[in-house]
>>> print(open('run.txt').read())   # compact mmCIF, C-alpha atoms
# COMPACT_ATOMS: atom_id res chain seq x y z
CA MET O 71 -36.37 -90.55 21.03
CA ASN O 72 -34.35 -88.37 18.70
CA LYS O 73 -31.48 -90.25 17.07
CA GLU O 74 -29.76 -87.37 15.28
CA LYS O 75 -26.99 -85.85 17.37
CA ILE O 76 -24.85 -82.77 16.85
CA SER O 77 -21.91 -81.56 18.90
CA ASP O 78 -21.76 -78.20 20.68
CA ILE O 79 -19.26 -76.83 18.15
CA GLN O 80 -21.48 -77.85 15.26
CA GLY O 81 -24.38 -76.16 17.03
CA ILE O 82 -22.33 -72.97 17.44
CA ASN O 83 -21.38 -73.05 13.73
CA LEU O 84 -25.03 -73.48 12.73
CA VAL O 85 -26.17 -70.58 14.92
CA ILE O 86 -23.40 -68.26 13.71
CA LEU O 87 -24.19 -69.01 10.07
CA PHE O 88 -27.89 -68.50 10.82
CA ILE O 89 -27.10 -65.08 12.33
CA PHE O 90 -25.07 -64.18 9.23
CA GLY O 91 -27.90 -65.47 6.99
CA SER O 92 -29.66 -62.56 5.37
CA THR O 93 -28.10 -60.05 7.80
CA LEU O 94 -24.90 -59.87 5.74
CA VAL O 95 -26.95 -59.34 2.59
CA MET O 96 -29.44 -56.74 3.80
CA GLY O 97 -27.73 -55.23 6.82
CA THR O 98 -29.49 -54.53 10.10
CA GLY O 99 -30.07 -51.62 12.47
CA GLY O 100 -30.06 -49.15 9.57
CA MET O 101 -32.19 -46.59 11.46
CA ALA O 102 -29.16 -45.75 13.64
CA LYS O 103 -27.23 -44.61 10.50
CA ASN O 104 -23.53 -44.16 11.43
CA ASP O 105 -24.24 -45.46 14.95
CA MET O 106 -25.41 -48.77 13.50
CA TRP O 107 -22.56 -50.66 15.17
CA ILE O 108 -23.60 -49.32 18.60
CA ALA O 109 -27.17 -50.41 17.88
CA ILE O 110 -25.96 -53.92 17.02
CA LEU O 111 -23.88 -54.14 20.21
CA LEU O 112 -26.91 -53.01 22.24
CA ALA O 113 -29.05 -55.60 20.43
CA ILE O 114 -26.57 -58.34 21.41
CA LEU O 115 -26.91 -57.21 25.03
CA PHE O 116 -30.73 -57.20 24.88
CA SER O 117 -30.74 -60.64 23.25
CA VAL O 118 -28.84 -62.35 26.08
CA PRO O 119 -31.82 -62.65 28.51
CA VAL O 120 -34.09 -63.83 25.68
CA LEU O 121 -31.63 -66.55 24.67
CA LEU O 122 -31.25 -67.55 28.33
CA MET O 123 -35.03 -67.91 28.38
CA TYR O 124 -34.96 -70.25 25.34
CA SER O 125 -32.13 -72.25 26.94
CA ARG O 126 -34.01 -72.55 30.23
CA ILE O 127 -37.06 -74.01 28.44
CA LEU O 128 -34.87 -76.53 26.58
CA TYR O 129 -32.93 -77.34 29.77
CA ARG O 130 -36.13 -78.28 31.58
CA TYR O 131 -36.98 -80.84 28.88
CA PRO O 132 -33.74 -82.45 27.66
CA GLY O 133 -33.97 -84.30 24.34
CA LYS O 134 -37.28 -82.65 23.48
CA ASP O 135 -37.99 -79.97 20.91
CA LEU O 136 -40.38 -77.02 21.15
CA TYR O 137 -43.40 -78.95 19.85
CA ASP O 138 -42.94 -81.81 22.32
CA ILE O 139 -42.55 -79.28 25.14
CA LEU O 140 -45.70 -77.40 24.08
CA GLU O 141 -47.78 -80.59 24.10
CA GLU O 142 -46.38 -81.69 27.43
CA VAL O 143 -46.87 -78.34 29.15
CA PHE O 144 -50.18 -77.14 27.68
CA GLY O 145 -51.81 -80.45 26.77
CA LYS O 146 -52.73 -81.62 23.29
CA PHE O 147 -55.29 -78.99 22.29
CA ILE O 148 -53.64 -75.74 23.42
CA GLY O 149 -50.19 -77.19 22.68
CA ARG O 150 -51.20 -77.80 19.09
CA ILE O 151 -52.60 -74.28 18.72
CA PHE O 152 -49.23 -72.93 19.88
CA SER O 153 -47.51 -75.35 17.49
CA ILE O 154 -49.55 -74.06 14.52
CA ILE O 155 -48.58 -70.47 15.41
CA PHE O 156 -44.88 -71.41 15.50
CA ILE O 157 -45.11 -73.47 12.29
CA TRP O 158 -46.55 -70.41 10.54
CA PHE O 159 -43.75 -68.22 11.92
CA PHE O 160 -40.98 -70.59 10.79
CA LEU O 161 -42.58 -71.04 7.36
CA HIS O 162 -42.98 -67.27 7.01
CA LEU O 163 -39.42 -66.56 8.16
CA GLY O 164 -38.05 -69.12 5.69
CA SER O 165 -40.09 -67.56 2.88
CA LEU O 166 -38.87 -64.06 3.70
CA VAL O 167 -35.22 -65.18 3.70
CA LEU O 168 -35.78 -67.10 0.46
CA ARG O 169 -37.26 -63.97 -1.10
CA ASN O 170 -34.34 -61.85 0.19
CA PHE O 171 -31.92 -64.13 -1.63
CA GLY O 172 -34.15 -64.26 -4.73
CA GLU O 173 -34.15 -60.46 -4.87
CA PHE O 174 -30.40 -60.32 -4.17
CA ILE O 175 -29.50 -62.70 -7.01
CA ASN O 176 -32.02 -61.02 -9.30
CA THR O 177 -30.68 -57.53 -8.58
CA VAL O 178 -26.93 -58.12 -8.61
CA SER O 179 -26.37 -60.86 -11.16
CA LEU O 180 -29.47 -62.09 -13.03
CA PRO O 181 -31.67 -59.04 -13.69
CA GLU O 182 -33.25 -60.51 -16.85
CA THR O 183 -34.14 -63.84 -15.25
CA PRO O 184 -37.61 -64.19 -13.67
CA LYS O 185 -37.41 -63.91 -9.89
CA ILE O 186 -39.01 -67.30 -9.38
CA VAL O 187 -36.05 -69.13 -11.02
CA PRO O 188 -33.35 -68.35 -8.42
CA ILE O 189 -35.95 -68.84 -5.67
CA ILE O 190 -36.87 -72.34 -6.94
CA ILE O 191 -33.24 -73.40 -7.47
CA PHE O 192 -32.22 -72.15 -4.03
CA ALA O 193 -35.22 -73.85 -2.43
CA PHE O 194 -34.41 -77.20 -4.04
CA VAL O 195 -30.87 -77.09 -2.65
CA CYS O 196 -32.33 -76.39 0.81
CA ILE O 197 -34.87 -79.21 0.40
CA LEU O 198 -32.03 -81.63 -0.38
CA GLY O 199 -30.09 -80.32 2.63
CA VAL O 200 -33.02 -80.78 5.02
CA LYS O 201 -33.79 -84.24 3.63
CA SER O 202 -30.22 -85.22 4.53
CA GLY O 203 -30.95 -84.30 8.15
CA ILE O 204 -29.60 -81.97 10.79
CA GLU O 205 -26.39 -83.99 11.22
CA THR O 206 -25.44 -83.40 7.59
CA LEU O 207 -26.30 -79.71 7.84
CA ALA O 208 -24.21 -79.47 11.01
CA LYS O 209 -21.23 -81.14 9.32
CA CYS O 210 -21.60 -78.79 6.31
CA SER O 211 -21.68 -75.82 8.66
CA GLY O 212 -18.15 -76.67 9.87
CA TYR O 213 -16.72 -76.32 6.35
CA PHE O 214 -18.89 -73.30 5.54
CA MET O 215 -17.74 -71.60 8.71
CA ILE O 216 -14.03 -71.91 7.82
CA PHE O 217 -14.73 -70.67 4.28
CA ASN O 218 -16.90 -67.77 5.47
CA LEU O 219 -14.53 -66.56 8.19
CA LEU O 220 -11.60 -66.75 5.80
CA PHE O 221 -13.39 -64.64 3.19
CA ILE O 222 -14.74 -62.15 5.73
CA ILE O 223 -11.25 -61.62 7.21
CA ILE O 224 -9.55 -61.32 3.79
CA MET O 225 -12.20 -58.92 2.46
CA THR O 226 -12.06 -56.77 5.61
CA PHE O 227 -8.26 -56.47 5.38
CA LEU O 228 -8.35 -55.71 1.64
CA ALA O 229 -10.98 -53.03 2.28
CA ILE O 230 -8.80 -51.13 4.80
CA PRO O 231 -7.35 -48.69 2.19
CA LYS O 232 -10.91 -47.71 1.18
CA THR O 233 -12.07 -46.99 4.72
CA ASN O 234 -12.50 -43.57 6.23
CA PRO O 235 -12.85 -43.75 10.05
CA GLU O 236 -14.28 -40.22 10.06
CA ASN O 237 -17.49 -41.69 8.62
CA LEU O 238 -18.16 -43.09 12.10
CA LEU O 239 -18.24 -39.59 13.55
CA PRO O 240 -20.09 -37.84 15.11
CA ILE O 241 -21.14 -40.56 17.50
CA MET O 242 -24.72 -40.29 18.78
CA SER O 243 -25.26 -36.97 17.02
CA ASN O 244 -29.01 -37.62 16.72
CA GLY O 245 -29.40 -38.74 20.33
CA ILE O 246 -30.20 -42.14 21.73
CA LYS O 247 -33.60 -42.63 20.03
CA PRO O 248 -32.37 -43.72 16.55
CA ILE O 249 -29.86 -46.05 18.23
CA LEU O 250 -32.61 -47.68 20.29
CA ARG O 251 -34.78 -48.07 17.18
CA GLY O 252 -31.83 -49.62 15.35
CA ALA O 253 -31.14 -51.87 18.33
CA PHE O 254 -34.77 -53.05 18.35
CA SER O 255 -34.52 -53.78 14.62
CA ALA O 256 -31.24 -55.73 15.07
CA PHE O 257 -32.67 -57.49 18.14
CA SER O 258 -35.54 -59.01 16.14
CA PHE O 259 -33.51 -59.47 12.96
CA PRO O 260 -31.38 -61.59 13.35
CA PHE O 261 -30.56 -62.18 17.03
CA VAL O 262 -33.78 -63.49 18.51
CA GLU O 263 -34.78 -65.22 15.30
CA LEU O 264 -32.74 -67.94 17.02
CA VAL O 265 -36.03 -69.10 18.52
CA VAL O 266 -36.02 -71.43 15.47
CA PHE O 267 -33.23 -73.42 17.12
CA MET O 268 -35.63 -74.58 19.82
CA MET O 269 -36.64 -77.10 17.14
CA VAL O 270 -33.05 -78.19 16.54
CA PHE O 271 -31.34 -78.21 19.92
CA ASP O 272 -33.03 -81.42 21.02
CA SER O 273 -30.15 -82.95 19.01
CA LEU O 274 -27.49 -81.46 21.31
CA GLY O 275 -25.61 -83.85 23.61
CA LYS O 276 -26.14 -82.43 27.12
CA PRO O 277 -29.14 -80.57 28.57
CA SER O 278 -26.96 -77.58 29.47
CA SER O 279 -25.40 -77.40 25.97
CA SER O 280 -28.09 -75.01 24.71
CA TYR O 281 -26.88 -72.28 27.14
CA ARG O 282 -23.29 -72.60 25.90
CA VAL O 283 -24.18 -72.82 22.23
CA TYR O 284 -26.64 -69.93 22.23
CA LEU O 285 -24.42 -67.53 24.17
CA LYS O 286 -21.10 -68.32 22.47
CA ALA O 287 -22.68 -68.13 19.01
CA LEU O 288 -24.50 -64.89 19.84
CA ILE O 289 -21.30 -63.22 21.01
CA ILE O 290 -19.12 -64.45 18.12
CA GLY O 291 -21.76 -63.95 15.39
CA GLY O 292 -22.97 -60.64 16.84
CA LEU O 293 -19.49 -59.15 17.12
CA ILE O 294 -18.67 -60.13 13.53
CA VAL O 295 -21.95 -58.55 12.32
CA ALA O 296 -21.09 -55.37 14.30
CA LEU O 297 -17.57 -55.35 12.84
CA LEU O 298 -18.89 -55.71 9.30
CA ALA O 299 -21.43 -52.93 9.92
CA MET O 300 -18.55 -50.73 11.10
CA ARG O 301 -16.53 -51.62 7.98
CA ASN O 302 -19.48 -50.80 5.73
CA ILE O 303 -20.02 -47.41 7.42
CA MET O 304 -16.32 -46.58 7.13
CA ILE O 305 -16.26 -47.48 3.42
CA LEU O 306 -19.61 -46.11 2.28
CA GLY O 307 -20.62 -43.47 4.82
CA ALA O 308 -24.01 -43.22 6.50
CA GLU O 309 -25.74 -41.42 3.61
CA THR O 310 -24.75 -43.94 0.92
CA LEU O 311 -25.48 -46.79 3.30
CA GLY O 312 -29.07 -45.58 3.71
CA ALA O 313 -29.56 -45.32 -0.04
CA ILE O 314 -28.48 -48.81 -1.13
CA TYR O 315 -30.12 -52.18 -0.71
CA PHE O 316 -27.13 -54.50 -0.25
CA PRO O 317 -24.43 -52.63 1.75
CA SER O 318 -21.84 -55.43 2.17
CA TYR O 319 -21.97 -56.26 -1.53
CA VAL O 320 -21.45 -52.61 -2.54
CA ALA O 321 -18.72 -52.11 0.11
CA VAL O 322 -16.72 -55.10 -1.13
CA SER O 323 -17.19 -54.04 -4.77
CA ARG O 324 -15.13 -50.91 -3.90
CA ILE O 325 -12.03 -53.02 -3.17
CA ASN O 326 -9.30 -52.36 -5.69
CA VAL O 327 -5.74 -53.39 -4.89
CA GLY O 328 -3.36 -51.94 -7.49
CA ASN O 329 -5.91 -52.33 -10.33
CA PHE O 330 -5.23 -56.04 -10.02
CA LEU O 331 -7.45 -57.37 -7.25
CA GLN O 332 -10.92 -56.06 -8.07
CA ARG O 333 -14.50 -57.24 -8.69
CA LEU O 334 -14.24 -59.34 -5.54
CA GLU O 335 -17.96 -59.00 -4.82
CA ILE O 336 -18.59 -62.36 -6.46
CA SER O 337 -16.67 -64.02 -3.61
CA VAL O 338 -18.90 -62.42 -0.97
CA THR O 339 -21.91 -63.54 -3.00
CA ILE O 340 -20.74 -67.12 -2.41
CA VAL O 341 -20.42 -66.40 1.32
CA PHE O 342 -23.94 -64.92 1.36
CA LEU O 343 -25.41 -67.92 -0.44
CA LEU O 344 -23.78 -70.42 1.93
CA THR O 345 -25.15 -68.64 4.99
CA GLY O 346 -28.54 -68.27 3.31
CA PHE O 347 -28.60 -72.00 2.61
CA ILE O 348 -28.15 -72.73 6.33
CA LYS O 349 -30.75 -70.18 7.43
CA ILE O 350 -33.45 -71.30 4.99
CA SER O 351 -32.71 -74.98 5.69
CA ILE O 352 -33.09 -74.49 9.45
CA CYS O 353 -36.42 -72.67 8.96
CA LEU O 354 -37.62 -75.38 6.57
CA LEU O 355 -36.52 -78.10 8.98
CA ALA O 356 -38.37 -76.42 11.88
CA ALA O 357 -41.58 -75.93 9.89
CA THR O 358 -41.53 -79.48 8.48
CA LYS O 359 -40.74 -81.07 11.83
CA GLY O 360 -43.61 -79.13 13.40
CA LEU O 361 -46.06 -80.11 10.68
CA SER O 362 -45.18 -83.80 10.85
CA LYS O 363 -45.48 -83.77 14.68
CA LEU O 364 -48.79 -81.93 14.44
CA PHE O 365 -50.19 -84.82 12.38
CA GLY O 366 -48.54 -87.44 14.57
CA TYR O 367 -45.75 -88.65 12.24
CA LYS O 368 -42.34 -89.50 13.62
CA ASP O 369 -40.24 -88.86 10.48
CA TYR O 370 -40.33 -85.36 9.01
CA ARG O 371 -38.26 -86.02 5.89
CA PHE O 372 -41.18 -87.19 3.77
CA PHE O 373 -42.86 -83.76 3.99
CA VAL O 374 -39.82 -81.62 3.26
CA THR O 375 -40.56 -81.25 -0.47
CA PRO O 376 -44.21 -80.09 -0.21
CA VAL O 377 -43.41 -77.71 2.65
CA GLY O 378 -40.42 -76.42 0.66
CA LEU O 379 -42.65 -75.81 -2.36
CA LEU O 380 -45.17 -73.98 -0.16
CA MET O 381 -42.28 -71.85 1.05
CA VAL O 382 -41.37 -71.07 -2.58
CA ASN O 383 -44.95 -69.98 -3.32
CA LEU O 384 -45.13 -67.83 -0.21
CA ALA O 385 -41.73 -66.30 -1.00
CA TYR O 386 -42.85 -65.41 -4.51
CA LEU O 387 -46.21 -63.85 -3.70
CA ILE O 388 -45.38 -62.18 -0.40
CA TYR O 389 -44.00 -58.89 -1.77
CA GLY O 390 -44.80 -56.90 -4.88
CA ASN O 391 -41.27 -55.58 -5.31
CA ILE O 392 -37.88 -55.06 -3.64
CA MET O 393 -38.91 -51.72 -2.06
CA GLU O 394 -41.86 -53.37 -0.34
CA MET O 395 -39.52 -56.12 0.88
CA PHE O 396 -37.11 -53.65 2.49
CA GLU O 397 -39.91 -51.54 3.96
CA TRP O 398 -41.39 -54.69 5.52
CA ALA O 399 -38.05 -55.92 6.85
CA ARG O 400 -37.18 -52.56 8.43
CA GLU O 401 -40.53 -51.19 9.60
CA ILE O 402 -42.92 -54.09 10.13
CA TRP O 403 -40.83 -57.19 10.91
CA PRO O 404 -39.59 -56.13 14.40
CA TYR O 405 -43.18 -55.58 15.63
CA TYR O 406 -44.58 -58.62 13.81
CA ALA O 407 -41.87 -60.99 15.08
CA PHE O 408 -41.82 -59.74 18.69
CA PRO O 409 -44.74 -61.91 19.94
CA PHE O 410 -43.24 -65.06 18.36
CA GLN O 411 -39.74 -64.32 19.61
CA VAL O 412 -40.37 -62.95 23.09
CA ILE O 413 -44.00 -63.01 24.30
CA LEU O 414 -44.89 -66.63 23.41
CA PRO O 415 -41.59 -68.09 24.72
CA LEU O 416 -42.10 -66.05 27.92
CA ILE O 417 -45.58 -67.56 28.36
CA ILE O 418 -44.09 -71.02 27.72
CA LEU O 419 -41.30 -70.42 30.27
CA ILE O 420 -43.79 -69.28 32.93
CA ALA O 421 -45.95 -72.36 32.28
CA VAL O 422 -42.89 -74.65 32.37
CA GLU O 423 -41.71 -73.21 35.69
CA ILE O 424 -45.19 -73.38 37.27
CA LYS O 425 -45.52 -77.00 36.14
CA ALA O 426 -42.10 -77.87 37.56
CA MET O 427 -42.99 -76.19 40.86
CA LEU O 428 -46.29 -78.07 41.15
CA GLU O 429 -44.59 -81.38 40.34
CA LYS O 430 -42.00 -80.71 43.03
CA LYS O 431 -44.71 -79.93 45.62
CA ASN O 432 -46.64 -83.08 44.69
CA LYS O 433 -43.49 -85.15 45.07
CA GLN O 434 -42.80 -83.63 48.50
CA LYS O 435 -46.39 -84.35 49.60
CA LYS O 436 -46.10 -87.95 48.43
CA ASN O 437 -42.80 -88.39 50.25
CA GLU O 438 -44.29 -86.91 53.43
CA ALA O 439 -47.30 -89.23 53.16
CA GLN O 440 -45.01 -92.25 52.76
CA VAL O 441 -42.94 -91.25 55.82
CA MET J 373 -48.98 -72.75 -18.56
CA TRP J 374 -51.09 -74.54 -15.96
CA ILE J 375 -50.44 -77.83 -17.78
CA ILE J 376 -46.68 -77.24 -17.46
CA ILE J 377 -47.02 -76.40 -13.76
CA ILE J 378 -49.11 -79.51 -13.02
CA THR J 379 -46.71 -81.69 -15.04
CA LEU J 380 -43.74 -80.29 -13.10
CA TYR J 381 -45.47 -80.97 -9.80
CA MET J 382 -46.25 -84.53 -10.92
CA ILE J 383 -42.62 -85.11 -11.90
CA ILE J 384 -41.48 -83.82 -8.51
CA PHE J 385 -44.09 -86.03 -6.84
CA PHE J 386 -42.91 -89.18 -8.61
CA ILE J 387 -39.22 -88.48 -8.02
CA ASP J 388 -39.79 -87.55 -4.40
CA THR J 389 -42.03 -90.48 -3.49
CA ARG J 390 -39.87 -93.36 -4.63
CA SER J 391 -40.67 -95.01 -1.32
CA VAL J 392 -44.40 -94.51 -1.87
CA VAL J 393 -45.48 -97.96 -0.63
CA LYS J 394 -43.65 -97.53 2.68
CA ALA J 395 -45.01 -94.01 3.08
CA ASP J 396 -48.56 -95.13 2.32
CA LYS J 397 -48.37 -97.83 4.98
CA GLU J 398 -47.73 -95.14 7.55
CA GLY J 399 -50.61 -93.09 6.14
CA LYS J 400 -48.38 -90.20 5.13
CA LEU J 401 -49.47 -89.93 1.52
CA PRO J 402 -52.82 -88.08 2.03
CA LEU J 403 -51.10 -85.20 3.86
CA TYR J 404 -48.30 -85.17 1.29
CA ILE J 405 -50.76 -84.99 -1.62
CA THR J 406 -52.86 -82.31 0.12
CA LEU J 407 -49.80 -80.12 0.62
CA MET J 408 -48.70 -80.63 -2.99
CA VAL J 409 -52.19 -79.79 -4.33
CA VAL J 410 -52.40 -76.63 -2.19
CA SER J 411 -48.93 -75.60 -3.32
CA CYS J 412 -49.73 -76.30 -6.99
CA ALA J 413 -53.04 -74.38 -6.75
CA ILE J 414 -51.27 -71.33 -5.26
CA PHE J 415 -48.64 -71.52 -8.00
CA ILE J 416 -51.26 -71.60 -10.78
CA ALA J 417 -53.37 -68.87 -9.15
CA ASN J 418 -50.25 -66.77 -8.73
CA TYR J 419 -49.48 -67.07 -12.43
CA TYR J 420 -52.97 -66.10 -13.64
CA THR J 421 -53.84 -63.42 -11.05
CA VAL J 422 -52.25 -60.01 -11.48
CA ASN J 423 -52.50 -58.81 -7.87
CA MET J 424 -52.53 -61.98 -5.86
CA PRO J 425 -53.37 -61.11 -2.23
CA SER J 426 -50.33 -61.61 -0.03
CA PRO J 427 -50.33 -62.23 3.74
CA ALA J 428 -47.84 -59.38 4.09
CA GLY J 429 -50.54 -56.76 3.35
CA PRO J 430 -53.03 -57.55 6.16
CA ILE J 431 -50.18 -58.12 8.65
CA LYS J 432 -48.71 -54.73 7.76
CA ASP J 433 -52.11 -52.99 8.12
CA LEU J 434 -52.72 -54.67 11.48
CA ILE J 435 -49.31 -53.73 12.87
CA LEU J 436 -49.53 -50.15 11.61
CA SER J 437 -52.95 -49.81 13.24
CA ILE J 438 -51.53 -51.12 16.54
CA ILE J 439 -48.36 -49.01 16.62
CA GLY J 440 -50.31 -46.05 15.27
CA SER J 441 -48.20 -44.74 12.39
>>> encode(input="run.txt", output="structure tokens")
Amino acid sequence: MNKEKISDIQGINLVILFIFGSTLVMGTGGMAKNDMWIAILLAILFSVPVLLMYSRILYRYPGKDLYDILEEVFGKFIGRIFSIIFIWFFLHLGSLVLRNFGEFINTVSLPETPKIVPIIIFAFVCILGVKSGIETLAKCSGYFMIFNLLFIIIMTFLAIPKTNPENLLPIMSNGIKPILRGAFSAFSFPFVELVVFMMVFDSLGKPSSSYRVYLKALIIGGLIVALLAMRNIMILGAETLGAIYFPSYVAVSRINVGNFLQRLEISVTIVFLLTGFIKISICLLAATKGLSKLFGYKDYRFFVTPVGLLMVNLAYLIYGNIMEMFEWAREIWPYYAFPFQVILPLIILIAVEIKAMLEKKNKQKKNEAQV
Amino acid sequence: MWIIIITLYMIIFFIDTRSVVKADKEGKLPLYITLMVVSCAIFIANYYTVNMPSPAGPIKDLILSIIGS
């Protein structure tokens, strides 16, 4: 039985920070250009049924995580094959996010430092976080959330003089196709990456909590991401936005209040790093928990360091350069992640429902036989 | 360089496994050491190989062949 418990609000904070994760750094739905915000809103809408699907699976097995559910539904052999597939996905996702932050730090503040240095330092902080457990991460997320929201609100207000609402026009000038492509991109990164939380939400108090947490966090986090996308378009314009790697960072660097308040981008860097810490830690936690369950160990903490170091290695060798990273994130990731985020959970949900139906029928038959 | 990498991994190993006896009783150490050795080997290979093959390449080729562009 899982002893670590988190409240619904802590769960919501964790999910919102996870959504912010690398989305604030890299942006999402870029294919839609100045209609990016519409694409993000559409992606939120498309994500709702998928998150309901995750919640339904968790609701059927209260107090159990994805790996326990897989073994119970599919049996040991097939369940473990599914587990290995998910462990790979969580490890890969963590590595990609780690690399995003490595590239971000390397590009904006430490260009002379080897890329591996920020990646290793960041990974060690995440390893310490995961070793402390989900309860500690959840408590941290409360403080991070206040700090992040405060900075996001202040930066958005300070950026108002630099905004040009005409940059949002014309709306849908290129038709619906780029918006749908952008929505698909935003759907897979970051909204349905929340499949990772199927490893965490066994710590929630009530079986129905996962519905509340997923949906509230999706709406709050998604709307903030859409708002920030809108702000970035209004400050930078669609053309500039398509030409730069880190839109929020560049947008905030334009803030200049009376030649006094300027160079505020360092403050958003702190916000980015806090959200990145949560996202990488959750991925590391999910991968480590899966690996320890795969080998039949109850406590995952002992394996956090080696799995974290594997993540560092994968993060370092996965891309040749920053251009490859962005091409992968924009063009390949949505198609690569779709089976892990939608198809496999759908198969699991169907199996869970069939199993529940059969159990119900068997129970009825037994009752009838007794009568 | 490989000596430095192995030494660093050993330092991490000794710091991280302060509760080695307890861990060994549960039989966790073999898996731990295997993961550390794999990780260390990738690190060393990554340092000495110019174009280390990455999993991103084959995945990208596969997906591009499926979606057809």
>>> closest_residue(input="run.txt", among="J:Ser426, J:Thr421, J:Thr389, J:Thr379", to="chain O", atoms="only C-alpha atoms")
J:Ser426
>>> interface_residues(input="run.txt", of="chain J", to="chain O", cutoff="7 Å", atoms="only C-alpha atoms", output="VMD selection string")
chain J and resid 404 407 to 408 411 414 to 415 424 426 to 428 432 435
>>> residues_around(input="run.txt", residues="stretch 72-87 of chain O", least_positions_apart="3", cutoff="7 Å", atoms="only C-alpha atoms", output="mmCIF file with C-alpha atoms, in the frame of the given file")
data_model
loop_
_atom_site.group_PDB
_atom_site.id
_atom_site.type_symbol
_atom_site.label_atom_id
_atom_site.label_comp_id
_atom_site.auth_asym_id
_atom_site.auth_seq_id
_atom_site.Cartn_x
_atom_site.Cartn_y
_atom_site.Cartn_z
ATOM 1 C CA PHE O 90 -25.070 -64.180 9.230
ATOM 2 C CA GLY O 91 -27.900 -65.470 6.990
ATOM 3 C CA GLY O 133 -33.970 -84.300 24.340
ATOM 4 C CA GLU O 205 -26.390 -83.990 11.220
ATOM 5 C CA ALA O 208 -24.210 -79.470 11.010
ATOM 6 C CA LYS O 209 -21.230 -81.140 9.320
ATOM 7 C CA SER O 211 -21.680 -75.820 8.660
ATOM 8 C CA GLY O 212 -18.150 -76.670 9.870
ATOM 9 C CA MET O 215 -17.740 -71.600 8.710
ATOM 10 C CA SER O 273 -30.150 -82.950 19.010
ATOM 11 C CA LEU O 274 -27.490 -81.460 21.310
ATOM 12 C CA GLY O 275 -25.610 -83.850 23.610
ATOM 13 C CA SER O 279 -25.400 -77.400 25.970
ATOM 14 C CA VAL O 283 -24.180 -72.820 22.230
ATOM 15 C CA LYS O 286 -21.100 -68.320 22.470
ATOM 16 C CA ALA O 287 -22.680 -68.130 19.010
ATOM 17 C CA GLY O 291 -21.760 -63.950 15.390
ATOM 18 C CA THR O 345 -25.150 -68.640 4.990
ATOM 19 C CA ILE O 348 -28.150 -72.730 6.330
#
>>> closest_residue(input="run.txt", among="J:Leu436, J:Val422, J:Cys412, J:Ile431", to="J:Ile377", atoms="all atoms listed in the file")
J:Cys412
>>> residues_around(input="run.txt", residues="O:Leu355", least_positions_apart="4", cutoff="6 Å", atoms="all atoms listed in the file", output="MDAnalysis selection string")
chainID O and resid 200 351 359
>>> axis_aligned_box(input="run.txt", around="stretch 419-432 of chain J", padding_each_side="6 Å", output="AutoDock Vina command-line options")
--center_x -50.8 --center_y -60.9 --center_z -2.5 --size_x 18.0 --size_y 24.3 --size_z 34.3
>>> atom_distance(input="run.txt", atom1="atom CA of O:Ile191", atom2="atom CA of J:Gly429")
26.3 Å
>>> residues_around(input="run.txt", residues="O:Ser153", least_positions_apart="4", cutoff="12 Å", atoms="all atoms listed in the file", output="compact mmCIF listing (two decimals) with C-alpha atoms, keeping the file's coordinate frame")
# COMPACT_ATOMS: atom_id res chain seq x y z
CA ASP O 135 -37.99 -79.97 20.91
CA LEU O 136 -40.38 -77.02 21.15
CA TYR O 137 -43.40 -78.95 19.85
CA ASP O 138 -42.94 -81.81 22.32
CA ILE O 139 -42.55 -79.28 25.14
CA LEU O 140 -45.70 -77.40 24.08
CA GLU O 141 -47.78 -80.59 24.10
CA GLU O 142 -46.38 -81.69 27.43
CA PHE O 144 -50.18 -77.14 27.68
CA GLY O 145 -51.81 -80.45 26.77
CA LYS O 146 -52.73 -81.62 23.29
CA PHE O 147 -55.29 -78.99 22.29
CA ILE O 148 -53.64 -75.74 23.42
CA GLY O 149 -50.19 -77.19 22.68
CA ILE O 157 -45.11 -73.47 12.29
CA TRP O 158 -46.55 -70.41 10.54
CA PHE O 159 -43.75 -68.22 11.92
CA PHE O 160 -40.98 -70.59 10.79
CA MET O 269 -36.64 -77.10 17.14
CA ALA O 356 -38.37 -76.42 11.88
CA ALA O 357 -41.58 -75.93 9.89
CA THR O 358 -41.53 -79.48 8.48
CA LYS O 359 -40.74 -81.07 11.83
CA GLY O 360 -43.61 -79.13 13.40
CA LEU O 361 -46.06 -80.11 10.68
CA SER O 362 -45.18 -83.80 10.85
CA LYS O 363 -45.48 -83.77 14.68
CA LEU O 364 -48.79 -81.93 14.44
CA PHE O 365 -50.19 -84.82 12.38
CA PHE O 410 -43.24 -65.06 18.36
CA LEU O 414 -44.89 -66.63 23.41
CA PRO O 415 -41.59 -68.09 24.72
CA ILE O 418 -44.09 -71.02 27.72
>>> closest_residue(input="run.txt", among="O:Ile197, O:Leu207, O:Val143, O:Leu285", to="O:Glu429", atoms="only C-alpha atoms")
O:Val143
>>> residues_around(input="run.txt", residues="stretch 227-231 of chain O", least_positions_apart="2", cutoff="10 Å", atoms="only C-alpha atoms", output="PyMOL selection string")
chain O and resi 221-225+233-235+301-302+304-305+321-327+331+334
>>> closest_residue(input="run.txt", among="J:Gly399, J:Ile416, J:Asn423, J:Ile439", to="J:Ile378", atoms="all atoms listed in the file")
J:Ile416
>>> atom_distance(input="run.txt", atom1="atom CA of O:Leu311", atom2="atom CA of J:Gly440")
27.6 Å
>>> atom_distance(input="run.txt", atom1="atom CA of O:Gly172", atom2="atom CA of O:Ile189")
5.0 Å
>>> closest_residue(input="run.txt", among="O:Val412, O:Leu264, O:Val187, O:Val341", to="O:Leu219", atoms="all atoms listed in the file")
O:Val341
